[in-house]
Amino acid sequence: MTSTSRLVYDERLTAPKTWWLIAALFGISLALVFLPYGGIAALIALSIGTCLAGMYVSGQGSTRIRVTADTLFVADARIPLTALGQPEALHGDEARAWRTHKADLRAFMVLRSFLPGAVRVEVLDPDDPTPYLYLATRTPELLAEALATRS
């Protein structure tokens with residue numbers, strides 16, 4: 001992202017706090033499994049189990065969605081807003097339908113099980129085989145508004 005671009009929307013899809021608690025509990029449970037082999041083995045299992053679970057949770061919360069005046073940045077993709085159609089904010093059953101039975105296998109989807117809302121936006125570029133983008137988000141209306149704003 002260039003420094004001259006005006007940032008319109010920025011969201012990091014962080015994992016819920018309860019997932020960090022579950023990661024810690026995973027480490028503790030692994031330590032209990034190795035406790036019969038001694039305290040050192042239990043401490044090693046606690047460290048390794050907590051680190052592995054923490055890396056997974058951290059990876060789930062590392063995706064960013066950013067919109068500048070002319071570009072959408074999501075994960076590693078950079079998409080000019082001129083290549084996108086009108087965004088549609090999705091909630092509840094409609095969002096669930098677009099990530100299950102209405103989903104197209106060619107679509108670019110950023111899915112997070114802990115986010116019930118999403119934005120769906122058509123790709124207008126005829127050379128791109130991707131029919132649409134499905135972006136899970138906490139604030140579908142704000143993201144749709146940012147995508148609809150074109151310079």
# chains A, B, ... in the order shown; residues from 1 in each chain; ligands from 1
>>> residues_around(residues="Ala77 of chain A", least_positions_apart="3", cutoff="12 Å", atoms="only C-alpha atoms", output="number ranges by chain")
A: 1, 63-67, 71-74, 80, 108-110, 133
>>> write_last_selection(atoms="all heavy atoms", output="short mmCIF file (atom, residue, chain, number, x, y, z; two decimals), in the first residue's frame")
data_model
loop_
_atom_site.label_atom_id
_atom_site.label_comp_id
_atom_site.auth_asym_id
_atom_site.auth_seq_id
_atom_site.Cartn_x
_atom_site.Cartn_y
_atom_site.Cartn_z
N MET A 1 0.85 -1.16 0.00
CA MET A 1 0.00 0.00 0.00
C MET A 1 0.90 1.24 0.00
O MET A 1 1.83 1.33 0.79
CB MET A 1 -0.89 -0.02 1.25
CG MET A 1 -1.92 1.05 1.25
SD MET A 1 -3.23 0.78 2.44
CE MET A 1 -2.37 0.75 3.96
N THR A 63 -5.47 -11.95 9.22
CA THR A 63 -5.97 -11.41 7.95
C THR A 63 -6.48 -10.00 8.14
O THR A 63 -7.21 -9.71 9.07
CB THR A 63 -7.09 -12.31 7.39
OG1 THR A 63 -6.57 -13.62 7.21
CG2 THR A 63 -7.60 -11.79 6.07
N ARG A 64 -6.09 -9.11 7.22
CA ARG A 64 -6.55 -7.73 7.23
C ARG A 64 -7.34 -7.44 5.97
O ARG A 64 -7.02 -7.95 4.90
CB ARG A 64 -5.36 -6.77 7.26
CG ARG A 64 -4.72 -6.64 8.59
CD ARG A 64 -3.80 -5.44 8.58
NE ARG A 64 -4.40 -4.32 9.27
CZ ARG A 64 -4.22 -4.06 10.55
NH1 ARG A 64 -3.47 -4.85 11.27
NH2 ARG A 64 -4.79 -3.03 11.10
N ILE A 65 -8.34 -6.60 6.13
CA ILE A 65 -9.09 -6.07 4.99
C ILE A 65 -8.89 -4.56 5.02
O ILE A 65 -9.23 -3.91 6.02
CB ILE A 65 -10.59 -6.41 5.07
CG1 ILE A 65 -10.80 -7.92 5.08
CG2 ILE A 65 -11.34 -5.76 3.92
CD1 ILE A 65 -12.24 -8.33 5.30
N ARG A 66 -8.32 -4.03 3.93
CA ARG A 66 -8.10 -2.59 3.83
C ARG A 66 -8.64 -2.09 2.50
O ARG A 66 -8.49 -2.75 1.48
CB ARG A 66 -6.62 -2.27 3.90
CG ARG A 66 -6.01 -2.52 5.24
CD ARG A 66 -4.56 -2.14 5.26
NE ARG A 66 -4.03 -2.33 6.59
CZ ARG A 66 -2.76 -2.33 6.88
NH1 ARG A 66 -1.88 -2.15 5.94
NH2 ARG A 66 -2.36 -2.51 8.11
N VAL A 67 -9.26 -0.93 2.56
CA VAL A 67 -9.76 -0.29 1.35
C VAL A 67 -9.17 1.11 1.30
O VAL A 67 -9.31 1.87 2.27
CB VAL A 67 -11.31 -0.22 1.34
CG1 VAL A 67 -11.80 0.47 0.08
CG2 VAL A 67 -11.92 -1.60 1.47
N THR A 71 -8.20 0.93 -4.22
CA THR A 71 -7.77 -0.47 -4.16
C THR A 71 -8.31 -1.17 -2.92
O THR A 71 -8.40 -0.57 -1.86
CB THR A 71 -6.23 -0.56 -4.15
OG1 THR A 71 -5.70 0.20 -5.22
CG2 THR A 71 -5.76 -1.99 -4.30
N LEU A 72 -8.64 -2.45 -3.10
CA LEU A 72 -9.01 -3.32 -1.99
C LEU A 72 -7.82 -4.23 -1.72
O LEU A 72 -7.32 -4.90 -2.62
CB LEU A 72 -10.24 -4.16 -2.34
CG LEU A 72 -10.56 -5.34 -1.44
CD1 LEU A 72 -10.95 -4.88 -0.04
CD2 LEU A 72 -11.66 -6.20 -2.04
N PHE A 73 -7.37 -4.25 -0.47
CA PHE A 73 -6.30 -5.15 -0.03
C PHE A 73 -6.92 -6.14 0.94
O PHE A 73 -7.45 -5.74 1.97
CB PHE A 73 -5.19 -4.39 0.70
CG PHE A 73 -4.49 -3.35 -0.12
CD1 PHE A 73 -4.99 -2.06 -0.20
CD2 PHE A 73 -3.35 -3.66 -0.83
CE1 PHE A 73 -4.35 -1.09 -0.94
CE2 PHE A 73 -2.71 -2.70 -1.59
CZ PHE A 73 -3.21 -1.41 -1.64
N VAL A 74 -6.87 -7.43 0.59
CA VAL A 74 -7.39 -8.45 1.49
C VAL A 74 -6.46 -9.65 1.40
O VAL A 74 -6.18 -10.15 0.32
CB VAL A 74 -8.86 -8.83 1.17
CG1 VAL A 74 -9.02 -9.31 -0.23
CG2 VAL A 74 -9.41 -9.84 2.15
N PRO A 80 -8.16 -3.65 -7.77
CA PRO A 80 -8.62 -2.28 -8.00
C PRO A 80 -10.14 -2.20 -7.87
O PRO A 80 -10.86 -3.11 -8.31
CB PRO A 80 -8.17 -1.96 -9.43
CG PRO A 80 -7.87 -3.28 -10.05
CD PRO A 80 -7.56 -4.25 -8.95
N PHE A 108 -13.49 -15.93 -4.58
CA PHE A 108 -12.45 -15.60 -3.60
C PHE A 108 -13.15 -15.38 -2.27
O PHE A 108 -13.93 -14.45 -2.12
CB PHE A 108 -11.69 -14.33 -4.03
CG PHE A 108 -10.61 -13.93 -3.07
CD1 PHE A 108 -9.37 -14.53 -3.13
CD2 PHE A 108 -10.84 -12.96 -2.12
CE1 PHE A 108 -8.37 -14.16 -2.25
CE2 PHE A 108 -9.85 -12.58 -1.23
CZ PHE A 108 -8.60 -13.18 -1.30
N MET A 109 -12.90 -16.28 -1.31
CA MET A 109 -13.63 -16.22 -0.05
C MET A 109 -12.67 -16.10 1.13
O MET A 109 -11.72 -16.85 1.24
CB MET A 109 -14.50 -17.46 0.11
CG MET A 109 -15.50 -17.63 -1.03
SD MET A 109 -16.58 -19.03 -0.82
CE MET A 109 -17.90 -18.27 0.08
N VAL A 110 -12.97 -15.14 1.98
CA VAL A 110 -12.28 -14.99 3.25
C VAL A 110 -13.30 -15.37 4.31
O VAL A 110 -14.20 -14.59 4.62
CB VAL A 110 -11.77 -13.55 3.46
CG1 VAL A 110 -11.15 -13.40 4.84
CG2 VAL A 110 -10.76 -13.19 2.38
N LEU A 133 -16.32 -11.83 -4.73
CA LEU A 133 -15.56 -11.91 -3.49
C LEU A 133 -16.55 -12.06 -2.35
O LEU A 133 -17.58 -11.40 -2.33
CB LEU A 133 -14.75 -10.63 -3.26
CG LEU A 133 -13.87 -10.11 -4.38
CD1 LEU A 133 -13.26 -8.78 -3.99
CD2 LEU A 133 -12.80 -11.10 -4.72
#
>>> residues_around(residues="Pro140 of chain A", least_positions_apart="6", cutoff="12 Å", atoms="only C-alpha atoms", output="list in words")
Tyr9, Glu11, Ile65, Pro87, Glu88, Ala89, Leu90, His91, Gly92, Ala95, Leu115, Pro116, Gly117, Ala118, Val119, Arg120, Val121, Tyr134, Ala146 and Leu147 of chain A
>>> write_last_selection(atoms="N, CA and C atoms", output="CSV table (one decimal), in the first residue's frame")
chain,number,residue,atom,x,y,z
A,9,TYR,N,-11.0,2.2,4.8
A,9,TYR,CA,-11.5,1.1,5.7
A,9,TYR,C,-10.3,0.3,6.1
A,11,GLU,N,-9.7,-3.2,8.8
A,11,GLU,CA,-10.1,-4.2,9.8
A,11,GLU,C,-9.2,-5.4,9.8
A,65,ILE,N,-8.3,-6.6,6.1
A,65,ILE,CA,-9.1,-6.1,5.0
A,65,ILE,C,-8.9,-4.6,5.0
A,87,PRO,N,-21.2,-3.7,-3.9
A,87,PRO,CA,-21.1,-4.6,-2.8
A,87,PRO,C,-22.5,-4.8,-2.1
A,88,GLU,N,-22.6,-6.0,-1.5
A,88,GLU,CA,-23.9,-6.3,-0.8
A,88,GLU,C,-23.5,-6.8,0.6
A,89,ALA,N,-24.1,-6.1,1.6
A,89,ALA,CA,-23.9,-6.6,3.0
A,89,ALA,C,-24.8,-7.7,3.3
A,90,LEU,N,-24.2,-8.8,3.9
A,90,LEU,CA,-24.9,-10.0,4.2
A,90,LEU,C,-25.0,-10.3,5.7
A,91,HIS,N,-26.1,-10.7,6.1
A,91,HIS,CA,-26.2,-11.1,7.6
A,91,HIS,C,-27.0,-12.4,7.7
A,92,GLY,N,-26.7,-13.1,8.8
A,92,GLY,CA,-27.4,-14.3,9.2
A,92,GLY,C,-27.6,-15.3,8.1
A,95,ALA,N,-25.9,-14.7,4.6
A,95,ALA,CA,-24.5,-14.9,4.6
A,95,ALA,C,-24.1,-16.4,4.7
A,115,LEU,N,-17.3,-15.0,12.6
A,115,LEU,CA,-17.9,-13.7,12.0
A,115,LEU,C,-19.1,-14.1,11.2
A,116,PRO,N,-20.3,-13.7,11.7
A,116,PRO,CA,-21.6,-14.1,11.1
A,116,PRO,C,-21.9,-13.2,9.9
A,117,GLY,N,-21.3,-11.9,9.8
A,117,GLY,CA,-21.6,-11.0,8.7
A,117,GLY,C,-20.6,-11.1,7.6
A,118,ALA,N,-21.0,-10.6,6.4
A,118,ALA,CA,-20.0,-10.7,5.3
A,118,ALA,C,-20.5,-9.6,4.3
A,119,VAL,N,-19.6,-9.4,3.3
A,119,VAL,CA,-19.9,-8.6,2.1
A,119,VAL,C,-19.6,-9.4,0.9
A,120,ARG,N,-20.5,-9.4,0.0
A,120,ARG,CA,-20.3,-10.1,-1.3
A,120,ARG,C,-20.3,-9.0,-2.4
A,121,VAL,N,-19.3,-9.1,-3.2
A,121,VAL,CA,-19.1,-8.1,-4.3
A,121,VAL,C,-18.7,-8.8,-5.6
A,134,TYR,N,-16.2,-12.9,-1.4
A,134,TYR,CA,-17.0,-13.1,-0.2
A,134,TYR,C,-16.1,-12.8,1.0
A,146,ALA,N,-17.5,1.4,2.1
A,146,ALA,CA,-16.1,1.7,1.6
A,146,ALA,C,-15.8,1.2,0.2
A,147,LEU,N,-16.4,0.0,-0.1
A,147,LEU,CA,-16.2,-0.5,-1.4
A,147,LEU,C,-17.0,0.2,-2.5
>>> closest_atom_pairs(of="segment 37-137 of chain A", to="segment 15-28 of chain A", cutoff="8 Å", atoms="only C-alpha atoms", output="JSON lines")
{"residue": "A:Ala45", "atom": "CA", "partner": "A:Gly27", "partner_atom": "CA", "distance": 7.0}
{"residue": "A:Leu46", "atom": "CA", "partner": "A:Gly27", "partner_atom": "CA", "distance": 4.6}
{"residue": "A:Ser47", "atom": "CA", "partner": "A:Gly27", "partner_atom": "CA", "distance": 6.8}
{"residue": "A:Ile48", "atom": "CA", "partner": "A:Gly27", "partner_atom": "CA", "distance": 7.2}
{"residue": "A:Gly49", "atom": "CA", "partner": "A:Gly27", "partner_atom": "CA", "distance": 4.2}
{"residue": "A:Thr50", "atom": "CA", "partner": "A:Gly27", "partner_atom": "CA", "distance": 4.2}
{"residue": "A:Cys51", "atom": "CA", "partner": "A:Gly27", "partner_atom": "CA", "distance": 7.8}
{"residue": "A:Ala53", "atom": "CA", "partner": "A:Ala23", "partner_atom": "CA", "distance": 4.9}
{"residue": "A:Gly54", "atom": "CA", "partner": "A:Ala23", "partner_atom": "CA", "distance": 5.7}
{"residue": "A:Val57", "atom": "CA", "partner": "A:Ala15", "partner_atom": "CA", "distance": 6.5}
{"residue": "A:Ser58", "atom": "CA", "partner": "A:Ala15", "partner_atom": "CA", "distance": 7.4}
{"residue": "A:Gln60", "atom": "CA", "partner": "A:Ala15", "partner_atom": "CA", "distance": 6.2}
{"residue": "A:Gly61", "atom": "CA", "partner": "A:Ala15", "partner_atom": "CA", "distance": 4.8}
{"residue": "A:Phe114", "atom": "CA", "partner": "A:Pro16", "partner_atom": "CA", "distance": 7.5}
>>> write_last_selection(atoms="N, CA and C atoms", output="compact mmCIF listing (two decimals), in the first residue's frame")
# COMPACT_ATOMS: atom_id res chain seq x y z
N ALA A 45 5.66 -30.20 27.41
CA ALA A 45 4.38 -30.38 26.73
C ALA A 45 3.51 -29.13 26.86
N LEU A 46 3.51 -28.50 28.03
CA LEU A 46 2.76 -27.26 28.24
C LEU A 46 3.26 -26.18 27.29
N SER A 47 4.57 -26.03 27.20
CA SER A 47 5.16 -25.00 26.33
C SER A 47 4.84 -25.26 24.87
N ILE A 48 5.08 -26.47 24.43
CA ILE A 48 4.87 -26.80 23.02
C ILE A 48 3.38 -26.74 22.67
N GLY A 49 2.52 -27.30 23.51
CA GLY A 49 1.09 -27.29 23.23
C GLY A 49 0.51 -25.89 23.18
N THR A 50 0.91 -25.04 24.14
CA THR A 50 0.41 -23.67 24.16
C THR A 50 0.93 -22.88 22.96
N CYS A 51 2.19 -23.08 22.62
CA CYS A 51 2.76 -22.38 21.45
C CYS A 51 2.07 -22.80 20.15
N ALA A 53 -0.97 -24.13 19.71
CA ALA A 53 -2.35 -23.63 19.69
C ALA A 53 -2.38 -22.11 19.52
N GLY A 54 -1.43 -21.42 20.15
CA GLY A 54 -1.35 -19.97 20.01
C GLY A 54 -1.00 -19.55 18.59
N VAL A 57 -4.23 -19.85 16.56
CA VAL A 57 -5.15 -18.74 16.84
C VAL A 57 -4.62 -17.45 16.24
N SER A 58 -3.34 -17.22 16.35
CA SER A 58 -2.74 -16.02 15.77
C SER A 58 -2.88 -16.01 14.26
N GLN A 60 -5.26 -17.39 12.53
CA GLN A 60 -6.66 -17.12 12.21
C GLN A 60 -6.99 -15.64 12.34
N GLY A 61 -6.24 -14.92 13.15
CA GLY A 61 -6.50 -13.51 13.37
C GLY A 61 -5.54 -12.58 12.66
N PHE A 114 -16.16 -17.35 13.22
CA PHE A 114 -16.61 -16.53 14.33
C PHE A 114 -17.22 -15.20 13.88
>>> select_by_dssp(residues="chain A", states="alpha helix (DSSP H)", output="PyMOL selection string")
chain A and resi 17-34+39-60+92-99+140-148
>>> closest_residue(among="A:Leu124, A:Val33, A:Leu43, A:Leu7", to="Leu81 of chain A", atoms="only C-alpha atoms")
A:Leu124
>>> atom_distance(atom1="atom CA of Arg99 of chain A", atom2="atom CA of Thr82 of chain A")
24.4 Å
